[in-house]
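Student: Got a structure for you, coords-v1.tsv, holding TSV, C-alpha atoms.
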```
chain	number	residue	atom	x	y	z
A	8	HIS	CA	-55.30	109.86	-51.25
A	9	PHE	CA	-53.85	106.47	-52.20
A	10	SER	CA	-52.04	106.21	-48.88
A	11	ARG	CA	-55.17	107.15	-46.91
A	12	LEU	CA	-57.30	104.60	-48.78
A	13	CYS	CA	-54.72	101.92	-48.10
A	14	MET	CA	-54.66	102.62	-44.39
A	15	LEU	CA	-58.47	102.73	-44.13
A	16	SER	CA	-58.81	99.40	-45.91
A	17	GLY	CA	-56.06	97.65	-43.97
A	18	TRP	CA	-53.63	97.40	-46.91
A	19	TYR	CA	-50.20	98.96	-46.78
A	20	PRO	CA	-47.84	99.81	-49.67
A	21	VAL	CA	-44.41	98.19	-49.60
A	22	GLN	CA	-41.46	98.37	-51.91
A	23	ASN	CA	-41.33	96.11	-54.93
A	24	ARG	CA	-38.09	94.30	-54.21
A	25	THR	CA	-37.10	94.14	-57.88
A	26	HIS	CA	-36.52	97.92	-57.96
A	27	SER	CA	-33.90	99.98	-56.17
A	28	HIS	CA	-35.24	103.48	-56.77
A	29	ALA	CA	-38.20	105.50	-55.51
A	30	SER	CA	-40.28	105.40	-58.72
A	31	TYR	CA	-41.97	102.07	-59.45
A	32	SER	CA	-43.84	100.54	-62.36
A	33	SER	CA	-45.90	98.52	-59.92
A	34	ARG	CA	-46.73	98.58	-56.26
A	35	THR	CA	-47.42	95.78	-53.84
A	36	LEU	CA	-50.12	95.89	-51.22
A	37	ILE	CA	-49.85	93.51	-48.31
A	38	ASN	CA	-51.90	92.47	-45.38
A	39	LYS	CA	-52.01	89.35	-43.24
A	40	ARG	CA	-53.41	87.32	-46.12
A	41	GLY	CA	-50.51	87.98	-48.48
A	42	PRO	CA	-49.53	90.32	-51.37
A	43	MET	CA	-51.72	91.78	-54.09
A	44	MET	CA	-50.24	93.47	-57.12
A	45	VAL	CA	-51.70	96.75	-58.35
A	46	SER	CA	-50.42	98.37	-61.53
A	47	GLY	CA	-49.46	102.01	-61.65
A	48	PRO	CA	-46.83	104.28	-60.11
A	49	LEU	CA	-46.27	104.46	-56.39
A	50	PRO	CA	-46.75	108.04	-55.08
A	51	ALA	CA	-43.49	109.63	-53.91
A	52	ALA	CA	-44.95	110.33	-50.47
A	53	ASN	CA	-45.48	106.62	-49.94
A	54	ALA	CA	-41.91	105.82	-50.91
A	55	ARG	CA	-40.66	107.80	-47.93
A	56	ALA	CA	-42.88	105.73	-45.62
A	57	ILE	CA	-41.90	102.34	-47.05
A	58	LYS	CA	-38.98	101.73	-44.75
A	59	SER	CA	-41.03	102.29	-41.60
A	60	ILE	CA	-43.98	100.08	-42.56
A	61	SER	CA	-42.57	97.31	-44.74
A	62	GLY	CA	-40.89	95.40	-41.93
A	63	PRO	CA	-42.62	93.29	-39.27
A	64	VAL	CA	-44.15	95.20	-36.40
A	65	SER	CA	-44.23	93.65	-32.94
A	66	GLU	CA	-45.80	94.93	-29.73
A	67	SER	CA	-42.62	94.64	-27.74
A	68	THR	CA	-38.91	94.28	-28.25
A	69	SER	CA	-36.92	91.30	-27.05
A	70	GLN	CA	-35.49	93.48	-24.27
A	71	GLU	CA	-38.91	94.44	-22.91
A	72	THR	CA	-39.94	92.49	-19.81
A	73	SER	CA	-43.45	91.37	-18.93
A	74	SER	CA	-43.48	94.05	-16.24
A	75	ASP	CA	-42.60	96.74	-18.80
A	76	LEU	CA	-45.27	95.50	-21.18
A	77	ASN	CA	-47.91	95.43	-18.44
A	78	GLU	CA	-47.01	98.97	-17.44
A	79	ARG	CA	-47.32	100.14	-21.03
A	80	ARG	CA	-50.66	98.40	-21.46
A	81	LEU	CA	-52.04	99.91	-18.27
A	82	LEU	CA	-51.03	103.37	-19.46
A	83	GLN	CA	-52.87	102.74	-22.74
A	84	ILE	CA	-55.98	101.64	-20.82
A	85	THR	CA	-55.81	104.77	-18.66
A	86	ASP	CA	-55.41	107.08	-21.66
A	87	MET	CA	-58.18	105.41	-23.67
A	88	TYR	CA	-60.61	105.49	-20.75
A	89	ALA	CA	-59.87	109.18	-20.11
A	90	GLY	CA	-60.74	109.92	-23.73
A	91	TYR	CA	-64.01	107.97	-23.57
A	92	ARG	CA	-64.97	109.65	-20.30
A	93	LYS	CA	-64.32	113.15	-21.62
A	94	LYS	CA	-66.31	112.51	-24.80
A	95	HIS	CA	-69.24	110.40	-23.59
A	96	PHE	CA	-69.84	110.52	-19.80
A	97	SER	CA	-67.77	113.23	-18.13
A	98	SER	CA	-70.11	113.66	-15.17
A	99	VAL	CA	-70.35	110.08	-13.90
A	100	ASP	CA	-68.75	108.88	-10.67
A	101	ASP	CA	-66.07	106.25	-11.16
A	102	ILE	CA	-63.55	104.17	-9.25
A	103	ASP	CA	-60.22	102.62	-10.18
A	104	ALA	CA	-59.64	98.87	-10.06
A	105	PRO	CA	-57.34	98.73	-6.97
A	106	ASP	CA	-59.88	100.69	-4.90
A	107	ALA	CA	-62.74	98.52	-6.16
A	108	LEU	CA	-60.78	95.41	-5.20
A	109	LYS	CA	-60.13	96.85	-1.76
A	110	MET	CA	-63.85	97.55	-1.27
A	111	THR	CA	-64.75	93.93	-1.97
A	112	GLN	CA	-62.11	92.71	0.46
A	113	GLN	CA	-63.39	94.98	3.23
A	114	ASP	CA	-67.12	94.21	2.92
A	115	SER	CA	-68.29	92.36	-0.15
A	116	SER	CA	-71.91	92.38	1.06
A	117	LYS	CA	-72.11	96.11	0.35
A	118	VAL	CA	-70.71	95.87	-3.19
A	119	VAL	CA	-72.50	94.67	-6.31
A	120	PHE	CA	-70.61	94.22	-9.58
A	121	VAL	CA	-72.62	94.74	-12.75
A	122	ASP	CA	-71.38	93.31	-16.06
A	123	VAL	CA	-72.97	95.13	-19.02
A	124	ARG	CA	-71.15	93.16	-21.72
A	125	SER	CA	-72.84	90.82	-24.19
A	126	PRO	CA	-73.54	87.14	-23.40
A	127	GLN	CA	-70.76	86.13	-25.81
A	128	GLU	CA	-68.27	88.13	-23.74
A	129	THR	CA	-69.51	87.13	-20.30
A	130	ALA	CA	-69.47	83.45	-21.30
A	131	VAL	CA	-65.66	83.62	-21.27
A	132	SER	CA	-65.25	85.07	-17.77
A	133	THR	CA	-66.67	87.57	-15.31
A	134	ILE	CA	-65.73	89.20	-12.03
A	135	PRO	CA	-66.91	86.81	-9.27
A	136	GLY	CA	-70.54	87.39	-8.30
A	137	ALA	CA	-71.19	89.94	-11.05
A	138	ALA	CA	-74.82	90.47	-12.06
A	139	SER	CA	-75.98	90.98	-15.61
A	140	GLU	CA	-77.43	94.31	-16.65
A	141	GLU	CA	-80.93	92.85	-16.70
A	142	ALA	CA	-80.62	91.17	-13.29
A	143	PHE	CA	-79.24	94.33	-11.70
A	144	LEU	CA	-82.06	96.54	-12.99
A	145	ARG	CA	-84.65	94.01	-11.86
A	146	ASP	CA	-83.17	93.82	-8.34
A	147	LEU	CA	-82.77	97.60	-8.20
A	148	ARG	CA	-86.41	98.26	-9.03
A	149	ALA	CA	-87.53	95.55	-6.61
A	150	GLY	CA	-85.55	97.13	-3.76
A	151	ALA	CA	-83.47	93.97	-3.31
A	152	ILE	CA	-80.10	95.76	-3.30
A	153	ASP	CA	-80.90	99.00	-1.47
A	154	ASN	CA	-78.06	100.86	0.25
A	155	THR	CA	-75.24	99.21	-1.68
A	156	THR	CA	-72.54	100.36	-4.10
A	157	ALA	CA	-72.87	99.08	-7.66
A	158	ILE	CA	-69.61	98.94	-9.60
A	159	VAL	CA	-70.40	98.70	-13.30
A	160	TYR	CA	-67.94	97.40	-15.88
A	161	CYS	CA	-67.50	96.31	-19.49
A	162	THR	CA	-64.24	95.84	-21.42
A	163	ILE	CA	-62.58	99.21	-20.82
A	164	GLY	CA	-65.35	101.35	-19.33
A	165	MET	CA	-67.16	102.98	-22.25
A	166	ARG	CA	-70.38	100.94	-22.29
A	167	SER	CA	-70.47	100.83	-18.51
A	168	GLY	CA	-69.91	104.60	-18.32
A	169	LYS	CA	-72.95	105.18	-20.50
A	170	PHE	CA	-74.95	102.75	-18.35
A	171	VAL	CA	-74.02	104.61	-15.17
A	172	ALA	CA	-74.94	107.94	-16.76
A	173	GLN	CA	-78.34	106.54	-17.73
A	174	HIS	CA	-79.22	104.86	-14.41
A	175	ALA	CA	-77.43	106.89	-11.70
A	176	GLU	CA	-80.63	108.70	-10.70
A	177	ASP	CA	-82.55	105.42	-10.50
A	178	GLY	CA	-79.88	104.15	-8.15
A	179	LYS	CA	-80.05	107.18	-5.89
A	180	ALA	CA	-83.79	106.62	-5.40
A	181	HIS	CA	-82.92	103.28	-3.79
A	182	GLY	CA	-79.80	104.34	-1.94
A	183	VAL	CA	-77.60	102.61	-4.52
A	184	ARG	CA	-74.53	104.50	-5.68
A	185	LEU	CA	-73.45	103.56	-9.22
A	186	LEU	CA	-69.75	103.77	-10.00
A	187	ASN	CA	-68.08	103.14	-13.33
A	188	LEU	CA	-65.01	100.90	-13.11
A	189	ARG	CA	-62.17	102.81	-14.79
A	190	GLY	CA	-60.54	100.59	-17.38
A	191	SER	CA	-63.14	97.94	-16.46
A	192	VAL	CA	-62.21	94.28	-16.83
A	193	LEU	CA	-58.87	95.12	-18.51
A	194	ALA	CA	-57.76	97.24	-15.54
A	195	TRP	CA	-59.16	94.59	-13.18
A	196	THR	CA	-56.66	92.05	-14.53
A	197	HIS	CA	-53.80	94.47	-13.88
A	198	ALA	CA	-55.01	95.10	-10.32
A	199	GLY	CA	-54.82	91.40	-9.53
A	200	GLY	CA	-58.58	90.86	-9.38
A	201	ASP	CA	-59.97	87.38	-9.98
A	202	LEU	CA	-62.03	86.24	-12.95
A	203	VAL	CA	-64.20	83.12	-13.04
A	204	ARG	CA	-65.99	81.03	-15.65
A	205	PRO	CA	-69.74	81.57	-15.28
A	206	SER	CA	-70.38	77.91	-16.15
A	207	ASP	CA	-68.69	76.46	-13.06
A	208	LYS	CA	-67.33	79.48	-11.10
A	209	SER	CA	-63.78	78.19	-11.48
A	210	PRO	CA	-60.85	80.66	-11.66
A	211	THR	CA	-59.63	81.44	-15.16
A	212	LYS	CA	-57.02	83.47	-16.99
A	213	ASP	CA	-59.25	83.83	-20.05
A	214	VAL	CA	-60.74	87.25	-20.72
A	215	HIS	CA	-62.83	88.63	-23.56
A	216	VAL	CA	-61.25	91.86	-24.83
A	217	TYR	CA	-63.89	92.50	-27.53
A	218	ALA	CA	-61.54	93.38	-30.40
A	219	LYS	CA	-57.84	93.85	-31.14
A	220	PRO	CA	-57.69	97.57	-30.17
A	221	TRP	CA	-58.44	96.51	-26.58
A	222	ASP	CA	-56.06	93.56	-26.35
A	223	LEU	CA	-54.51	95.15	-23.26
A	224	ALA	CA	-55.13	92.69	-20.43
A	225	ARG	CA	-52.23	91.63	-18.25
A	226	VAL	CA	-49.83	89.52	-20.30
A	227	ASP	CA	-50.54	86.28	-18.41
A	228	TYR	CA	-54.19	86.39	-19.54
A	229	THR	CA	-55.44	84.77	-22.75
A	230	PRO	CA	-57.49	87.22	-24.86
A	231	HIS	CA	-60.69	86.25	-26.66
A	232	PHE	CA	-62.16	88.30	-29.50
A	233	LEU	CA	-65.60	89.02	-30.91
A	234	ALA	CA	-64.58	87.64	-34.32
A	235	LYS	CA	-62.20	84.91	-35.44
A	236	LYS	CA	-58.88	85.71	-37.09
A	237	GLY	CA	-58.80	86.89	-40.65
A	238	PHE	CA	-60.82	89.35	-42.68
A	239	VAL	CA	-63.86	89.33	-40.36
A	240	GLN	CA	-61.74	90.15	-37.31
A	241	ALA	CA	-59.94	92.92	-39.19
A	242	PHE	CA	-63.28	94.37	-40.25
A	243	VAL	CA	-64.68	94.19	-36.69
A	244	ASP	CA	-61.52	95.81	-35.29
A	245	ARG	CA	-61.81	98.71	-37.72
A	246	ILE	CA	-65.51	99.25	-37.04
A	247	ALA	CA	-64.81	99.04	-33.29
A	248	ARG	CA	-62.30	101.87	-33.52
A	249	TRP	CA	-64.77	104.06	-35.41
A	250	CYS	CA	-67.54	103.38	-32.87
A	251	ALA	CA	-65.34	104.09	-29.83
```
Rewrite the structure of this file - the entire thing - as structure tokens.

Tutor:
Amino acid sequence: HFSRLCMLSGWYPVQNRTHSHASYSSRTLINKRGPMMVSGPLPAANARAIKSISGPVSESTSQETSSDLNERRLLQITDMYAGYRKKHFSSVDDIDAPDALKMTQQDSSKVVFVDVRSPQETAVSTIPGAASEEAFLRDLRAGAIDNTTAIVYCTIGMRSGKFVAQHAEDGKAHGVRLLNLRGSVLAWTHAGGDLVRPSDKSPTKDVHVYAKPWDLARVDYTPHFLAKKGFVQAFVDRIARWCA
């Protein structure tokens, strides 16, 4: 129970360096802010895990290339999206990022991108020409985008998948086919798609990834998060995982 509480709260038990055996008179809990001492014995089960969690953990080894890291990130995006789709919107139509990019290159007048993220996220960057959720629904109901394909996206495809599930029938009434972008803006960066700043439409390598669990954009992009570093970000990251 102690180990589970530690992991849920973001604290991890590590060995007290003044002892050389598996039974301790004190235990040290660490997180990014530093150590905190807690009196009492360390459970034996935790002692076996000390070696694997007490050292620094990095995303990649020094031998891993940017190409390797990008490949691993894209696999994570694919796996996470598949899980969201199965759980929340298994019946929606979707499209992968390379195919979506190809569609825009062939005839951009027949493709509408819809960004369903929050204003804080879209202020960092968007797919060029993307409409907000509100603007899209207004144009859809007014018949201004009849007979087009709407590609809906968010960070990784969960919010956009739910949006497509909710409005697919509305789209059909106007000849608009709604597609969820698999892996959404994260996958878009890996496919080589452009992002722009909404303020001046200039190209950018900044992308809002919402929270740390989704920091999976291509390595040459700069991630932005919903919360600043520290306790608030750690709390948001943990809540984000539970809500996903």

Student: Would you kindly return, as a PyMOL selection string, each protein, DNA or RNA residue with an atom no farther than 7 Å from any atom of Ala224 in chain A, considering all atoms listed in the file and excluding same-chain residues fewer than 6 positions away?

Tutor: chain A and resi 193+196-197

Student: Figure out the distance between CA of Ser115 in chain A and CA of Met165 in chain A, please, to one decimal in Å.

Tutor: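 A separation of 24.5 Å between them.
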
Student: Show me as number ranges by chain the residues that reach within 8 Å of (-74.2, 98.3, -12.4), counting only C-alpha atoms and using the file's own coordinates.

Tutor: A: 119-123, 138, 140, 143, 157-160, 167, 170-171, 185-187

Student: Can you work out which one of A:Leu188, A:Ala130, A:Ala175, A:Ala142 has the shortest atom-to-atom distance to Asp213 in chain A, counting only C-alpha atoms?

Tutor: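 Looking only at the distances to Asp213 in chain A, the closest residue turns out to be A:Ala130.
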
Student: For Arg92 in chain A, which of A:Met110, A:Lys179, A:Arg184, A:Gly164 is the closest residue, counting only C-alpha atoms?

Tutor: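 Going through A:Met110, A:Lys179, A:Arg184, A:Gly164 one by one, the smallest distance to Arg92 in chain A is for A:Gly164.
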
Student: So, with all atoms listed in the file as the atoms that count, which of A:Asn77, A:Ser132, A:Ser139, A:Asn154 lies closest to Thr211 in chain A?

Tutor: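 Counting all atoms listed in the file, the residue closest to Thr211 in chain A is A:Ser132.
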
Student: Go through A:Tyr88, A:Thr133, A:Gln112, A:Glu128 one by one, measure the shortest atom-to-atom distance of each to Pro205 in chain A using all atoms listed in the file, and give the residue with the smallest value.

Tutor: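 Comparing A:Tyr88, A:Thr133, A:Gln112, A:Glu128 against Pro205 in chain A, the winner is A:Thr133.
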
Student: At what distance in Å, to one decimal, does CA of Ser97 in chain A lie from CA of Leu147 in chain A?

Tutor: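 So the answer is 23.8 Å.
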
Student: Any idea what the distance is between CA of Gln127 in chain A and CA of Leu233 in chain A?

Tutor: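 So the two atoms, CA of Gln127 in chain A and CA of Leu233 in chain A, lie 7.8 Å apart.
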
Student: Neighbourhood query: residues within 12 Å of (-59.4, 80.1, -10.6), file coordinates, counting only C-alpha atoms; return as a ChimeraX atom specification.

Tutor: /A:132-135,200-205,207-213

Student: With only C-alpha atoms as the basis for distance, which of A:Ala234, A:Ala172, A:Val131, A:Ala104 is at the shortest distance from Leu81 in chain A?

Tutor: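 Among the listed residues, A:Ala104 lies closest to Leu81 in chain A.
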